[in-house]
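*Asks:* I am sharing model05.cif, which consists of mmCIF, C-alpha atoms and all ligand atoms; chains and numbers go by the auth columns:
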```
data_protein
loop_
_atom_site.group_PDB
_atom_site.id
_atom_site.type_symbol
_atom_site.label_atom_id
_atom_site.label_comp_id
_atom_site.label_asym_id
_atom_site.label_seq_id
_atom_site.Cartn_x
_atom_site.Cartn_y
_atom_site.Cartn_z
_atom_site.B_iso_or_equiv
_atom_site.auth_seq_id
_atom_site.auth_asym_id
ATOM 1 C CA MET A 1 74.261 90.141 105.905 0.00 1273 S
ATOM 2 C CA ASN A 2 75.775 91.113 102.561 0.00 1274 S
ATOM 3 C CA PRO A 3 73.878 88.962 99.986 0.00 1275 S
ATOM 4 C CA VAL A 4 77.173 87.918 98.390 0.00 1276 S
ATOM 5 C CA PHE A 5 77.657 85.756 101.488 0.00 1277 S
ATOM 6 C CA THR A 6 74.111 84.292 101.601 0.00 1278 S
ATOM 7 C CA ARG A 7 73.464 83.643 97.884 0.00 1279 S
ATOM 8 C CA ARG A 8 73.235 79.962 96.946 0.00 1280 S
ATOM 9 C CA SER A 9 72.063 78.199 93.799 0.00 1281 S
ATOM 10 C CA ILE A 10 68.355 77.498 94.266 0.00 1282 S
ATOM 11 C CA ARG A 11 66.775 74.927 91.977 0.00 1283 S
ATOM 12 C CA LYS A 12 63.375 74.410 93.639 0.00 1284 S
ATOM 13 C CA PHE A 13 60.718 77.093 93.493 0.00 1285 S
ATOM 14 C CA THR A 14 57.152 77.751 94.580 0.00 1286 S
ATOM 15 C CA ARG A 15 54.787 78.837 91.805 0.00 1287 S
ATOM 16 C CA GLU A 16 54.395 82.344 93.274 0.00 1288 S
ATOM 17 C CA PRO A 17 55.237 84.830 90.531 0.00 1289 S
ATOM 18 C CA VAL A 18 58.113 87.287 90.769 0.00 1290 S
ATOM 19 C CA SER A 19 56.538 90.761 90.842 0.00 1291 S
ATOM 20 C CA GLY A 20 56.987 93.264 88.039 0.00 1292 S
ATOM 21 C CA GLU A 21 58.866 95.551 90.426 0.00 1293 S
ATOM 22 C CA GLN A 22 61.286 92.726 91.303 0.00 1294 S
ATOM 23 C CA VAL A 23 61.830 91.905 87.611 0.00 1295 S
ATOM 24 C CA GLU A 24 62.709 95.549 86.998 0.00 1296 S
ATOM 25 C CA LEU A 25 65.195 95.604 89.905 0.00 1297 S
ATOM 26 C CA LEU A 26 66.878 92.432 88.619 0.00 1298 S
ATOM 27 C CA LEU A 27 67.222 93.904 85.137 0.00 1299 S
ATOM 28 C CA LYS A 28 68.546 97.170 86.597 0.00 1300 S
ATOM 29 C CA ALA A 29 71.162 95.124 88.487 0.00 1301 S
ATOM 30 C CA GLY A 30 72.273 93.545 85.213 0.00 1302 S
ATOM 31 C CA LEU A 31 72.340 96.879 83.432 0.00 1303 S
ATOM 32 C CA CYS A 32 74.613 98.496 86.042 0.00 1304 S
ATOM 33 C CA ALA A 33 77.327 95.811 85.970 0.00 1305 S
ATOM 34 C CA PRO A 34 80.899 96.820 85.176 0.00 1306 S
ATOM 35 C CA SER A 35 82.022 96.272 81.579 0.00 1307 S
ATOM 36 C CA ALA A 36 85.334 96.616 79.742 0.00 1308 S
ATOM 37 C CA ARG A 37 85.708 100.200 78.455 0.00 1309 S
ATOM 38 C CA ASN A 38 82.113 100.687 79.630 0.00 1310 S
ATOM 39 C CA LYS A 39 80.826 99.217 76.360 0.00 1311 S
ATOM 40 C CA GLN A 40 77.864 97.508 78.079 0.00 1312 S
ATOM 41 C CA PRO A 41 77.667 94.970 75.216 0.00 1313 S
ATOM 42 C CA TRP A 42 74.712 93.089 76.644 0.00 1314 S
ATOM 43 C CA HIS A 43 71.010 92.456 76.147 0.00 1315 S
ATOM 44 C CA PHE A 44 68.606 90.838 78.604 0.00 1316 S
ATOM 45 C CA ILE A 45 65.511 88.856 77.716 0.00 1317 S
ATOM 46 C CA ALA A 46 63.130 88.552 80.678 0.00 1318 S
ATOM 47 C CA VAL A 47 60.917 85.515 80.182 0.00 1319 S
ATOM 48 C CA THR A 48 57.656 85.433 82.125 0.00 1320 S
ATOM 49 C CA ASP A 49 55.420 83.766 79.538 0.00 1321 S
ATOM 50 C CA HIS A 50 54.534 80.287 80.828 0.00 1322 S
ATOM 51 C CA ASP A 51 54.578 78.640 77.413 0.00 1323 S
ATOM 52 C CA GLN A 52 58.051 79.996 76.707 0.00 1324 S
ATOM 53 C CA LEU A 53 59.312 78.967 80.193 0.00 1325 S
ATOM 54 C CA ASP A 54 57.910 75.458 79.607 0.00 1326 S
ATOM 55 C CA ARG A 55 59.823 75.195 76.315 0.00 1327 S
ATOM 56 C CA ILE A 56 63.250 76.078 77.791 0.00 1328 S
ATOM 57 C CA PRO A 57 64.114 72.580 79.203 0.00 1329 S
ATOM 58 C CA ARG A 58 63.858 71.182 75.664 0.00 1330 S
ATOM 59 C CA TYR A 59 66.721 73.472 74.669 0.00 1331 S
ATOM 60 C CA HIS A 60 68.973 73.263 77.774 0.00 1332 S
ATOM 61 C CA PRO A 61 69.940 69.975 79.497 0.00 1333 S
ATOM 62 C CA TYR A 62 69.969 71.372 83.067 0.00 1334 S
ATOM 63 C CA ALA A 63 66.953 73.679 82.951 0.00 1335 S
ATOM 64 C CA SER A 64 64.242 71.325 84.239 0.00 1336 S
ATOM 65 C CA MET A 65 63.489 73.744 87.111 0.00 1337 S
ATOM 66 C CA VAL A 66 62.775 76.723 84.850 0.00 1338 S
ATOM 67 C CA PRO A 67 58.992 76.181 84.432 0.00 1339 S
ATOM 68 C CA GLU A 68 58.579 76.332 88.242 0.00 1340 S
ATOM 69 C CA ALA A 69 60.795 79.408 88.506 0.00 1341 S
ATOM 70 C CA THR A 70 58.213 81.771 86.889 0.00 1342 S
ATOM 71 C CA LEU A 71 61.029 84.038 85.616 0.00 1343 S
ATOM 72 C CA ALA A 72 64.072 83.370 83.476 0.00 1344 S
ATOM 73 C CA ILE A 73 66.542 85.969 82.271 0.00 1345 S
ATOM 74 C CA LEU A 74 68.668 85.229 79.215 0.00 1346 S
ATOM 75 C CA VAL A 75 71.863 87.304 79.297 0.00 1347 S
ATOM 76 C CA CYS A 76 73.242 87.853 75.805 0.00 1348 S
ATOM 77 C CA GLY A 77 76.292 89.588 74.353 0.00 1349 S
ATOM 78 C CA ASP A 78 76.370 91.763 71.238 0.00 1350 S
ATOM 79 C CA LEU A 79 79.203 91.134 68.749 0.00 1351 S
ATOM 80 C CA GLN A 80 78.496 94.485 67.062 0.00 1352 S
ATOM 81 C CA MET A 81 79.211 96.313 70.341 0.00 1353 S
ATOM 82 C CA GLU A 82 82.179 94.167 71.461 0.00 1354 S
ATOM 83 C CA SER A 83 84.023 92.063 68.892 0.00 1355 S
ATOM 84 C CA GLU A 84 86.086 89.969 71.340 0.00 1356 S
ATOM 85 C CA ILE A 85 84.089 87.006 72.603 0.00 1357 S
ATOM 86 C CA GLY A 86 86.290 86.822 75.708 0.00 1358 S
ATOM 87 C CA PHE A 87 85.192 90.305 76.759 0.00 1359 S
ATOM 88 C CA ILE A 88 81.558 89.490 75.906 0.00 1360 S
ATOM 89 C CA ALA A 89 81.696 86.483 78.232 0.00 1361 S
ATOM 90 C CA LEU A 90 83.384 88.423 81.042 0.00 1362 S
ATOM 91 C CA ASN A 91 80.983 91.375 80.800 0.00 1363 S
ATOM 92 C CA CYS A 92 77.910 89.116 80.707 0.00 1364 S
ATOM 93 C CA ALA A 93 79.274 87.103 83.646 0.00 1365 S
ATOM 94 C CA ALA A 94 79.526 90.326 85.685 0.00 1366 S
ATOM 95 C CA ALA A 95 75.904 91.176 84.779 0.00 1367 S
ATOM 96 C CA THR A 96 74.801 87.630 85.636 0.00 1368 S
ATOM 97 C CA GLU A 97 76.422 87.736 89.067 0.00 1369 S
ATOM 98 C CA ASN A 98 74.832 91.151 89.760 0.00 1370 S
ATOM 99 C CA ILE A 99 71.410 89.616 89.026 0.00 1371 S
ATOM 100 C CA LEU A 100 72.050 86.556 91.231 0.00 1372 S
ATOM 101 C CA VAL A 101 73.159 88.681 94.181 0.00 1373 S
ATOM 102 C CA THR A 102 70.228 91.076 93.754 0.00 1374 S
ATOM 103 C CA ALA A 103 67.812 88.118 93.679 0.00 1375 S
ATOM 104 C CA ALA A 104 69.261 86.922 97.002 0.00 1376 S
ATOM 105 C CA ASP A 105 68.932 90.441 98.413 0.00 1377 S
ATOM 106 C CA LEU A 106 65.213 90.432 97.443 0.00 1378 S
ATOM 107 C CA GLY A 107 64.651 87.082 99.172 0.00 1379 S
ATOM 108 C CA LEU A 108 64.322 85.317 95.817 0.00 1380 S
ATOM 109 C CA GLY A 109 66.115 82.142 94.734 0.00 1381 S
ATOM 110 C CA SER A 110 68.097 81.872 91.518 0.00 1382 S
ATOM 111 C CA VAL A 111 70.523 79.692 89.650 0.00 1383 S
ATOM 112 C CA TRP A 112 72.986 80.397 86.844 0.00 1384 S
ATOM 113 C CA LEU A 113 72.489 77.995 83.952 0.00 1385 S
ATOM 114 C CA GLY A 114 75.559 78.053 81.742 0.00 1386 S
ATOM 115 C CA VAL A 115 75.064 78.588 78.000 0.00 1387 S
ATOM 116 C CA TYR A 116 78.331 79.959 76.507 0.00 1388 S
ATOM 117 C CA PRO A 117 80.637 78.281 75.446 0.00 1389 S
ATOM 118 C CA ARG A 118 78.556 75.106 74.944 0.00 1390 S
ATOM 119 C CA GLU A 119 77.718 75.174 71.212 0.00 1391 S
ATOM 120 C CA GLU A 120 74.562 73.049 71.454 0.00 1392 S
ATOM 121 C CA ARG A 121 73.084 75.185 74.269 0.00 1393 S
ATOM 122 C CA MET A 122 73.937 78.384 72.374 0.00 1394 S
ATOM 123 C CA ALA A 123 72.271 77.001 69.234 0.00 1395 S
ATOM 124 C CA GLY A 124 69.214 76.016 71.293 0.00 1396 S
ATOM 125 C CA MET A 125 68.831 79.473 72.859 0.00 1397 S
ATOM 126 C CA LYS A 126 69.354 81.145 69.470 0.00 1398 S
ATOM 127 C CA GLU A 127 66.536 79.073 68.002 0.00 1399 S
ATOM 128 C CA LEU A 128 64.116 79.396 70.931 0.00 1400 S
ATOM 129 C CA PHE A 129 64.525 83.172 71.254 0.00 1401 S
ATOM 130 C CA SER A 130 65.016 83.940 67.536 0.00 1402 S
ATOM 131 C CA LEU A 131 68.318 85.681 68.253 0.00 1403 S
ATOM 132 C CA PRO A 132 69.971 87.587 65.376 0.00 1404 S
ATOM 133 C CA ASP A 133 73.406 86.308 64.224 0.00 1405 S
ATOM 134 C CA HIS A 134 75.369 88.982 66.135 0.00 1406 S
ATOM 135 C CA ILE A 135 73.730 88.138 69.477 0.00 1407 S
ATOM 136 C CA VAL A 136 75.489 85.510 71.638 0.00 1408 S
ATOM 137 C CA PRO A 137 73.558 83.868 74.483 0.00 1409 S
ATOM 138 C CA VAL A 138 75.910 83.649 77.483 0.00 1410 S
ATOM 139 C CA SER A 139 73.845 82.604 80.486 0.00 1411 S
ATOM 140 C CA LEU A 140 70.315 81.803 81.500 0.00 1412 S
ATOM 141 C CA ILE A 141 69.162 82.633 85.028 0.00 1413 S
ATOM 142 C CA ALA A 142 66.177 80.924 86.632 0.00 1414 S
ATOM 143 C CA VAL A 143 64.554 83.108 89.310 0.00 1415 S
ATOM 144 C CA GLY A 144 61.641 82.462 91.629 0.00 1416 S
ATOM 145 C CA HIS A 145 60.454 82.215 95.195 0.00 1417 S
ATOM 146 C CA PRO A 146 62.611 79.571 96.889 0.00 1418 S
ATOM 147 C CA ALA A 147 61.163 76.187 97.876 0.00 1419 S
ATOM 148 C CA GLU A 148 64.510 75.050 99.269 0.00 1420 S
ATOM 149 C CA HIS A 149 66.824 76.792 101.697 0.00 1421 S
ATOM 150 C CA LYS A 150 70.569 76.389 101.830 0.00 1422 S
ATOM 151 C CA PRO A 151 72.944 77.689 104.492 0.00 1423 S
ATOM 152 C CA PRO A 152 75.480 80.337 103.559 0.00 1424 S
ATOM 153 C CA ARG A 153 78.736 78.851 102.329 0.00 1425 S
ATOM 154 C CA SER A 154 81.277 78.239 105.085 0.00 1426 S
ATOM 155 C CA ASP A 155 83.649 75.883 103.242 0.00 1427 S
ATOM 156 C CA PHE A 156 86.140 78.599 102.369 0.00 1428 S
ATOM 157 C CA ASN A 157 89.490 77.219 101.272 0.00 1429 S
ATOM 158 C CA TRP A 158 91.922 79.807 102.533 0.00 1430 S
ATOM 159 C CA ASN A 159 94.753 77.843 100.898 0.00 1431 S
ATOM 160 C CA LYS A 160 93.561 79.466 97.660 0.00 1432 S
ATOM 161 C CA VAL A 161 94.617 82.863 98.944 0.00 1433 S
ATOM 162 C CA ARG A 162 98.104 84.299 98.903 0.00 1434 S
ATOM 163 C CA TYR A 163 99.431 87.700 99.810 0.00 1435 S
ATOM 164 C CA ASN A 164 101.754 89.855 97.756 0.00 1436 S
ATOM 165 C CA GLN A 165 103.114 87.036 95.562 0.00 1437 S
ATOM 166 C CA TRP A 166 102.469 83.377 94.556 0.00 1438 S
HETATM 167 C C1 LIG B . 79.477 79.466 84.524 0.00 1501 M
HETATM 168 C C2 LIG B . 78.488 78.715 85.386 0.00 1501 M
HETATM 169 C C3 LIG B . 77.663 77.781 84.807 0.00 1501 M
HETATM 170 C C4 LIG B . 76.733 77.070 85.592 0.00 1501 M
HETATM 171 N N1 LIG B . 75.891 76.206 84.963 0.00 1501 M
HETATM 172 C C5 LIG B . 74.968 75.539 85.695 0.00 1501 M
HETATM 173 C C6 LIG B . 74.019 74.697 85.044 0.00 1501 M
HETATM 174 O O1 LIG B . 74.011 74.546 83.821 0.00 1501 M
HETATM 175 N N2 LIG B . 73.116 74.049 85.819 0.00 1501 M
HETATM 176 C C7 LIG B . 73.058 74.222 87.174 0.00 1501 M
HETATM 177 O O2 LIG B . 72.186 73.622 87.807 0.00 1501 M
HETATM 178 N N3 LIG B . 73.941 75.041 87.833 0.00 1501 M
HETATM 179 C C8 LIG B . 74.875 75.702 87.121 0.00 1501 M
HETATM 180 N N4 LIG B . 75.738 76.577 87.737 0.00 1501 M
HETATM 181 C C9 LIG B . 75.657 76.777 89.214 0.00 1501 M
HETATM 182 C C10 LIG B . 76.771 76.013 89.940 0.00 1501 M
HETATM 183 O O3 LIG B . 76.507 74.622 89.887 0.00 1501 M
HETATM 184 C C11 LIG B . 76.838 76.507 91.414 0.00 1501 M
HETATM 185 O O4 LIG B . 77.131 77.887 91.429 0.00 1501 M
HETATM 186 C C12 LIG B . 77.893 75.757 92.221 0.00 1501 M
HETATM 187 O O5 LIG B . 77.526 74.404 92.380 0.00 1501 M
HETATM 188 C C13 LIG B . 78.118 76.376 93.603 0.00 1501 M
HETATM 189 O O6 LIG B . 76.913 76.366 94.352 0.00 1501 M
HETATM 190 P P1 LIG B . 76.323 77.725 94.976 0.00 1501 M
HETATM 191 O O7 LIG B . 75.956 78.619 93.803 0.00 1501 M
HETATM 192 O O8 LIG B . 75.119 77.304 95.789 0.00 1501 M
HETATM 193 O O9 LIG B . 77.378 78.352 95.820 0.00 1501 M
HETATM 194 C C14 LIG B . 76.664 77.289 86.988 0.00 1501 M
HETATM 195 C C15 LIG B . 77.521 78.236 87.572 0.00 1501 M
HETATM 196 C C16 LIG B . 78.400 78.956 86.774 0.00 1501 M
HETATM 197 C C17 LIG B . 79.280 80.020 87.418 0.00 1501 M
#
```
Could you rewrite the structure in this file as structure tokens?
Ligand SMILES: Cc1cc2nc3c(=O)[nH]c(=O)nc-3n(C[C@H](O)[C@H](O)[C@H](O)COP(=O)(O)O)c2cc1C

*Replies:*
Amino acid sequence: MNPVFTRRSIRKFTREPVSGEQVELLLKAGLCAPSARNKQPWHFIAVTDHDQLDRIPRYHPYASMVPEATLAILVCGDLQMESEIGFIALNCAAATENILVTAADLGLGSVWLGVYPREERMAGMKELFSLPDHIVPVSLIAVGHPAEHKPPRSDFNWNKVRYNQW
């Protein structure tokens, strides 16, 4: 089935590492996301170092699962490549979703941990990853081999959908 329909947020992981080949595919998925005027104003930090993964929960209130995940990807925007923060957020969100869907397609589990626009989380990520001033952390993605399984979503609210006009 199309992984868009099977992807769920996974917050429990086995300690089995994500392979180097899988990390590369996830990063490639982020890099080929659509972006406004094709500016691609993003940077990705793949975190596999255990000490750095262990530090992340101290800087993000909902990241307690990250040390078990064995991989985290910080998706950042670049204010020198795209000056409008709204476009940065949208472009990085597209890259984030590409990575989540690709993780599901590879049989991996992942969860989007929001960073932008929460000032304290952004400040935490800037400090932990020594980000330059023009780099904005937008989202953090925990990825690993799933230790929980969730059914595909079936709670679609078709009342949210209209045709041709409101
Ligand atoms: C912008 C954004 C921020 C999110 N931030 C968090 C977060 O900080 N912690 C977390 O556990 N999940 C976070 N999530 C995941 C949502 O909780 C999850 O997607 C939602 O509950 C729907 O569940 P599903 O992904 O299994 O369909 C975030 C999702 C989005 C899109």

*Asks:* Using all atoms listed in the file, can you tell me which of S:Lys1422, S:Arg1309, S:His1417, S:Lys1432 comes closest to S:Val1290?

*Replies:*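 So, comparing all the options, the nearest one is S:His1417.
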
*Asks:* Please measure the separation of atom C10 of ligand LIG 1501 (chain M) and atom CA of S:Ile1282, giving the value in Å to one decimal.

*Replies:*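 Atom C10 of ligand LIG 1501 (chain M) sits 9.6 Å away from atom CA of S:Ile1282.
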
*Asks:* If we count only C-alpha atoms, what is near S:Phe1277 at a cut-off of 12 Å, once residues fewer than 3 positions away on the same chain are taken out, given as a list in words?

*Replies:* Met1273, Asn1274, Arg1280, Leu1372, Val1373, Thr1374, Ala1376, Asp1377, Lys1422, Pro1423, Pro1424, Arg1425, Ser1426, Asp1427 and Phe1428 of chain S

*Asks:* As a check of understanding, name the residues that the PyMOL selection byres (((chain S and resi 1409) around 7) and not hetatm) selects in the supplied structure, as JSON, numbers by chain.

*Replies:* {"S": [1346, 1347, 1348, 1349, 1387, 1388, 1394, 1397, 1407, 1408, 1410, 1411]}

*Asks:* Grab the atom CA of S:Ala1419 to atom CA of S:Ala1301 distance for me, in Å with one decimal place.

*Replies:* 23.4 Å

*Asks:* Which chain S residues have any atom within 6 Å of an atom of ligand LIG 1501 (chain M), and for each, what is the nearest pair of atoms with distance in Å to one decimal, counting all atoms listed in the file, rows sorted by chain and number, as a Markdown table?

*Replies:*
```
| residue | atom | partner | partner_atom | distance |
| --- | --- | --- | --- | --- |
| S:Arg1280 | CA | M:LIG1501 | O8 | 3.5 |
| S:Ser1281 | CA | M:LIG1501 | O8 | 3.8 |
| S:Tyr1334 | CA | M:LIG1501 | N2 | 5.0 |
| S:Val1383 | CA | M:LIG1501 | C9 | 5.9 |
| S:Trp1384 | CA | M:LIG1501 | N4 | 4.8 |
| S:Leu1385 | CA | M:LIG1501 | O1 | 3.8 |
| S:Gly1386 | CA | M:LIG1501 | C3 | 3.7 |
```

*Asks:* Have a look at atom CA of S:Glu1392 and atom CA of S:Ile1357 and let me know their distance in Å, one decimal.

*Replies:*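 Taking atom CA of S:Glu1392 and atom CA of S:Ile1357, their separation equals 16.9 Å.
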
*Asks:* Mind listing as a ChimeraX atom specification all residues within 10 Å of (71.9, 90.1, 88.5), counting only C-alpha atoms?

*Replies:* /S:1297-1305,1345,1347,1364-1376,1382,1384,1413

*Asks:* With the file shown as input, list the residues that the PyMOL selection byres (((chain S and resi 1319) around 12) and not hetatm) selects, as JSON, numbers by chain.

*Replies:* {"S": [1289, 1290, 1292, 1295, 1299, 1316, 1317, 1318, 1320, 1321, 1322, 1323, 1324, 1325, 1326, 1327, 1328, 1338, 1339, 1341, 1342, 1343, 1344, 1345, 1346, 1347, 1400, 1401, 1412, 1413, 1414, 1415, 1416]}

*Asks:* Using all atoms listed in the file for the distances, tell me which of S:Arg1330, S:Glu1356, S:Asp1405, S:His1315 is nearest to S:Arg1393.

*Replies:*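 Answer, going by the shortest atom-to-atom distance: S:Arg1330.
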
*Asks:* Looking at S:Pro1329, S:Arg1287, S:Leu1351, S:Pro1275, which one is nearest to S:Lys1311, with distances taken over only C-alpha atoms?

*Replies:*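 When distances to S:Lys1311 are compared using only C-alpha atoms, the smallest one comes from S:Leu1351.
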
*Asks:* Padding 6 Å on each side, edges along x, y and z: where is the centre of the box around the listed atoms of stretch 1388-1398 of chain S, and how long are its edges in Å to one decimal? Output it as AutoDock Vina command-line options.

*Replies:*
```
--center_x 74.7 --center_y 77.1 --center_z 72.9 --size_x 23.8 --size_y 20.1 --size_z 19.3
```

*Asks:* Using only C-alpha atoms, which residue out of S:Ile1360, S:Leu1403, S:Ala1395, S:Leu1380 lies closest to S:Pro1306?

*Replies:* S:Ile1360

*Asks:* Closest to S:Gly1358 among S:Ala1335, S:Pro1418, S:Pro1313, S:Gly1381, using only C-alpha atoms?

*Replies:*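 Answer, going by the shortest atom-to-atom distance: S:Pro1313.
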
*Asks:* Measuring between only C-alpha atoms, which one of S:His1421, S:His1332, S:Arg1434, S:Lys1284 shows the shortest distance to S:Gly1379?

*Replies:* S:His1421

*Asks:* Keeping just N, CA and C atoms, export stretch 1335-1347 of chain S of this structure as a PDB file, in the first residue's frame.

*Replies:*
```
ATOM      1  N   ALA S1335      11.060  14.714  23.427  1.00  0.00           N
ATOM      2  CA  ALA S1335      12.018  13.911  22.657  1.00  0.00           C
ATOM      3  C   ALA S1335      12.593  12.758  23.473  1.00  0.00           C
ATOM      4  N   SER S1336      11.858  12.293  24.480  1.00  0.00           N
ATOM      5  CA  SER S1336      12.410  11.250  25.363  1.00  0.00           C
ATOM      6  C   SER S1336      12.712   9.952  24.614  1.00  0.00           C
ATOM      7  N   MET S1337      12.053   9.740  23.460  1.00  0.00           N
ATOM      8  CA  MET S1337      12.272   8.503  22.699  1.00  0.00           C
ATOM      9  C   MET S1337      13.524   8.548  21.812  1.00  0.00           C
ATOM     10  N   VAL S1338      14.094   9.720  21.648  1.00  0.00           N
ATOM     11  CA  VAL S1338      15.189   9.870  20.669  1.00  0.00           C
ATOM     12  C   VAL S1338      16.388   8.957  20.947  1.00  0.00           C
ATOM     13  N   PRO S1339      16.838   8.800  22.193  1.00  0.00           N
ATOM     14  CA  PRO S1339      18.009   7.920  22.406  1.00  0.00           C
ATOM     15  C   PRO S1339      17.776   6.476  21.960  1.00  0.00           C
ATOM     16  N   GLU S1340      16.534   5.997  21.999  1.00  0.00           N
ATOM     17  CA  GLU S1340      16.240   4.633  21.527  1.00  0.00           C
ATOM     18  C   GLU S1340      16.154   4.589  19.997  1.00  0.00           C
ATOM     19  N   ALA S1341      15.901   5.736  19.384  1.00  0.00           N
ATOM     20  CA  ALA S1341      15.618   5.756  17.949  1.00  0.00           C
ATOM     21  C   ALA S1341      16.846   5.423  17.096  1.00  0.00           C
ATOM     22  N   THR S1342      18.017   5.687  17.576  1.00  0.00           N
ATOM     23  CA  THR S1342      19.320   5.483  16.908  1.00  0.00           C
ATOM     24  C   THR S1342      19.604   6.446  15.739  1.00  0.00           C
ATOM     25  N   LEU S1343      18.573   7.154  15.260  1.00  0.00           N
ATOM     26  CA  LEU S1343      18.809   8.195  14.248  1.00  0.00           C
ATOM     27  C   LEU S1343      17.857   9.353  14.511  1.00  0.00           C
ATOM     28  N   ALA S1344      18.372  10.556  14.435  1.00  0.00           N
ATOM     29  CA  ALA S1344      17.509  11.739  14.433  1.00  0.00           C
ATOM     30  C   ALA S1344      17.961  12.621  13.279  1.00  0.00           C
ATOM     31  N   ILE S1345      16.999  13.252  12.637  1.00  0.00           N
ATOM     32  CA  ILE S1345      17.343  14.187  11.555  1.00  0.00           C
ATOM     33  C   ILE S1345      16.771  15.551  11.921  1.00  0.00           C
ATOM     34  N   LEU S1346      17.647  16.536  12.033  1.00  0.00           N
ATOM     35  CA  LEU S1346      17.203  17.908  12.291  1.00  0.00           C
ATOM     36  C   LEU S1346      17.059  18.602  10.937  1.00  0.00           C
ATOM     37  N   VAL S1347      15.843  19.065  10.653  1.00  0.00           N
ATOM     38  CA  VAL S1347      15.584  19.768   9.388  1.00  0.00           C
ATOM     39  C   VAL S1347      15.629  21.263   9.688  1.00  0.00           C
TER      40      VAL S1347
END
```
